[in-house]
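First up is the structure itself, then whatever we jot down about it.
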Amino acid sequence: MSGDISPKPRKRCAIHPSIVRLTHWINAAAMIVMVMSGWQIYNAHPIFDFRFPAWMTLGGWLAGAIAWHFAAMWVLAVNLLVYLAYGLFSGHFRRDLLPITPAGVWRDVKAALAFRLPHALGHYNAVQRLLYAGVIALILLAVASGLAIWKPVQFQTLVWLMGGFDFARVVHFFAMAGIVGFFVVHILLVLIVPKTLAPMILGGTVPDAEATP
Ligand code: HEM
């Protein structure tokens, strides 16, 4: 209408697009199954001088654990491909996870230690960016070393890149340890900033400018 001078409503954008939310929770469930069944498989033939307590494992025995591990593996792999394709082609990774600079991470670590790190919904700080990019890299390493252990003849090049079959098992173990370490820190951060949880489950929007400051 001519003469209308009321300000236009600001465009809003999703805090977490539904595809990110869906793939995030499928990944979290599949990863928990992979890790717990992986511990049972490890117990059948440990690399180091310890075994995981039975209550932390899934599958009951070696064959049961392998069945769980392989079932969850397909869910994880397909889901990961969907998430990576979306992240790369929609610009989500470029926009929300990059750039990651040492100066930015150092600034936000200092602010976090002084309890002065603000958390705007729809915007990841440098520490989060580093953690999320890091865990994506660790999941890819776990998949690559897992493939090398699963089909060492077909994936000979991967086995070679991992320094041989036995070392591929060690790489797989430490990729798991890194993912579990991320999981613990990630849950602690969600507990410290609980307002982030509901939008990751239910969705929600923020004014555009807030999403990309
Ligand atoms: C191994 C399991 C998990 C992995 C690998 C993981 C990984 C991630 C990644 C990569 C993101 C960023 C997603 C993106 O924007 O593309 C994210 C966000 C998030 N995750 Fe997880 N996650 C896991 C489990 C969980 C669990 C169990 C919870 C809840 C207790 C959780 C709560 C959240 C929340 C609330 C966010 C959004 C944070 C924010 O808006 O600041 N995650 N997670």
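Quick note on naming: the chains in the structure tokens go A, B, ... in the order shown, residues restart at 1 in each chain, and ligands are numbered from 1 in order of appearance.
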Please return, as a PyMOL selection string, all residues of range 56-203 of chain A that DSSP assigns to helix (DSSP H, G or I) on the basis of the backbone. chain A and resi 56+62-89+92-97+102-113+126-150+156-161+165-192+194-202
List all protein, DNA and RNA residues that have at least one atom no more than 9 Å from any atom of ligand 1, counting only C-alpha atoms and all ligand atoms, and write them as a ChimeraX atom specification. /A:15-17,20-21,23-25,27-32,35,83-84,87,92-93,96-97,119-125,128-129,131-136,139,179-180,182-184,186-191,193-201
Using C-alpha atoms, can you write the selected residues to a file as a PDB file, in the first residue's frame?
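Ended up saving to selection19.pdb:
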```
ATOM      1  CA  ILE A  15      18.754 -21.920  13.669  1.00  0.00           C
ATOM      2  CA  HIS A  16      19.380 -25.501  12.487  1.00  0.00           C
ATOM      3  CA  PRO A  17      17.859 -26.594   9.134  1.00  0.00           C
ATOM      4  CA  VAL A  20      21.038 -30.889   9.990  1.00  0.00           C
ATOM      5  CA  ARG A  21      18.818 -31.775  12.970  1.00  0.00           C
ATOM      6  CA  THR A  23      21.241 -36.187  10.458  1.00  0.00           C
ATOM      7  CA  HIS A  24      22.664 -34.963  13.804  1.00  0.00           C
ATOM      8  CA  TRP A  25      20.400 -37.209  15.886  1.00  0.00           C
ATOM      9  CA  ASN A  27      24.470 -39.794  13.730  1.00  0.00           C
ATOM     10  CA  ALA A  28      24.444 -39.522  17.538  1.00  0.00           C
ATOM     11  CA  ALA A  29      22.355 -42.729  17.919  1.00  0.00           C
ATOM     12  CA  ALA A  30      24.396 -44.675  15.340  1.00  0.00           C
ATOM     13  CA  MET A  31      27.650 -43.482  16.906  1.00  0.00           C
ATOM     14  CA  ILE A  32      26.637 -44.637  20.405  1.00  0.00           C
ATOM     15  CA  VAL A  35      31.211 -47.214  20.006  1.00  0.00           C
ATOM     16  CA  TYR A  83      25.081 -34.546   5.969  1.00  0.00           C
ATOM     17  CA  LEU A  84      28.362 -33.971   4.086  1.00  0.00           C
ATOM     18  CA  GLY A  87      27.022 -29.194   4.294  1.00  0.00           C
ATOM     19  CA  HIS A  92      26.391 -24.643   5.534  1.00  0.00           C
ATOM     20  CA  PHE A  93      29.998 -25.665   6.278  1.00  0.00           C
ATOM     21  CA  ASP A  96      28.689 -21.828   9.826  1.00  0.00           C
ATOM     22  CA  LEU A  97      31.908 -23.826  10.451  1.00  0.00           C
ATOM     23  CA  HIS A 119      26.322 -17.720  22.884  1.00  0.00           C
ATOM     24  CA  ALA A 120      24.001 -16.386  20.174  1.00  0.00           C
ATOM     25  CA  LEU A 121      21.613 -19.030  18.858  1.00  0.00           C
ATOM     26  CA  GLY A 122      22.288 -19.715  15.177  1.00  0.00           C
ATOM     27  CA  HIS A 123      25.969 -18.754  15.437  1.00  0.00           C
ATOM     28  CA  TYR A 124      28.852 -21.036  16.434  1.00  0.00           C
ATOM     29  CA  ASN A 125      31.827 -19.529  18.287  1.00  0.00           C
ATOM     30  CA  GLN A 128      32.535 -24.858  18.607  1.00  0.00           C
ATOM     31  CA  ARG A 129      33.658 -24.533  14.974  1.00  0.00           C
ATOM     32  CA  LEU A 131      35.248 -29.000  17.773  1.00  0.00           C
ATOM     33  CA  TYR A 132      32.631 -29.679  15.074  1.00  0.00           C
ATOM     34  CA  ALA A 133      35.123 -29.635  12.183  1.00  0.00           C
ATOM     35  CA  GLY A 134      37.447 -31.805  14.305  1.00  0.00           C
ATOM     36  CA  VAL A 135      34.813 -34.438  15.083  1.00  0.00           C
ATOM     37  CA  ILE A 136      33.746 -34.591  11.406  1.00  0.00           C
ATOM     38  CA  ILE A 139      34.485 -39.648  12.018  1.00  0.00           C
ATOM     39  CA  ILE A 179      35.072 -39.034  19.174  1.00  0.00           C
ATOM     40  CA  VAL A 180      34.295 -40.145  22.755  1.00  0.00           C
ATOM     41  CA  PHE A 182      34.407 -34.848  21.827  1.00  0.00           C
ATOM     42  CA  PHE A 183      31.150 -36.422  23.069  1.00  0.00           C
ATOM     43  CA  VAL A 184      32.021 -35.727  26.728  1.00  0.00           C
ATOM     44  CA  HIS A 186      29.982 -31.599  23.757  1.00  0.00           C
ATOM     45  CA  ILE A 187      27.534 -32.825  26.435  1.00  0.00           C
ATOM     46  CA  LEU A 188      29.245 -30.627  29.069  1.00  0.00           C
ATOM     47  CA  LEU A 189      28.892 -27.566  26.793  1.00  0.00           C
ATOM     48  CA  VAL A 190      25.201 -28.362  26.209  1.00  0.00           C
ATOM     49  CA  LEU A 191      24.721 -28.640  29.988  1.00  0.00           C
ATOM     50  CA  VAL A 193      24.335 -23.615  27.738  1.00  0.00           C
ATOM     51  CA  PRO A 194      21.079 -25.653  27.872  1.00  0.00           C
ATOM     52  CA  LYS A 195      19.151 -23.189  25.682  1.00  0.00           C
ATOM     53  CA  THR A 196      20.945 -24.698  22.653  1.00  0.00           C
ATOM     54  CA  LEU A 197      19.262 -28.106  23.070  1.00  0.00           C
ATOM     55  CA  ALA A 198      15.613 -27.323  22.229  1.00  0.00           C
ATOM     56  CA  PRO A 199      16.398 -25.714  18.817  1.00  0.00           C
ATOM     57  CA  MET A 200      18.550 -28.747  17.898  1.00  0.00           C
ATOM     58  CA  ILE A 201      15.535 -31.003  18.583  1.00  0.00           C
TER      59      ILE A 201
END
```
Using only C-alpha atoms, which of the listed residues (A:Arg94, A:Arg116, A:His69, A:His172) sits closest to Met34 in chain A? A:His69
Distance query range 157-161 of chain A at most 10 Å, only C-alpha atoms, self and fewer than 5 positions along chain excluded, as a VMD selection string: chain A and resid 144 to 149 151 to 152 166 to 169
Based on the backbone DSSP call, show me all residues of chain A assigned strand (DSSP E or B), as JSON, numbers by chain. {"A": [12, 13, 14, 205, 206, 207]}
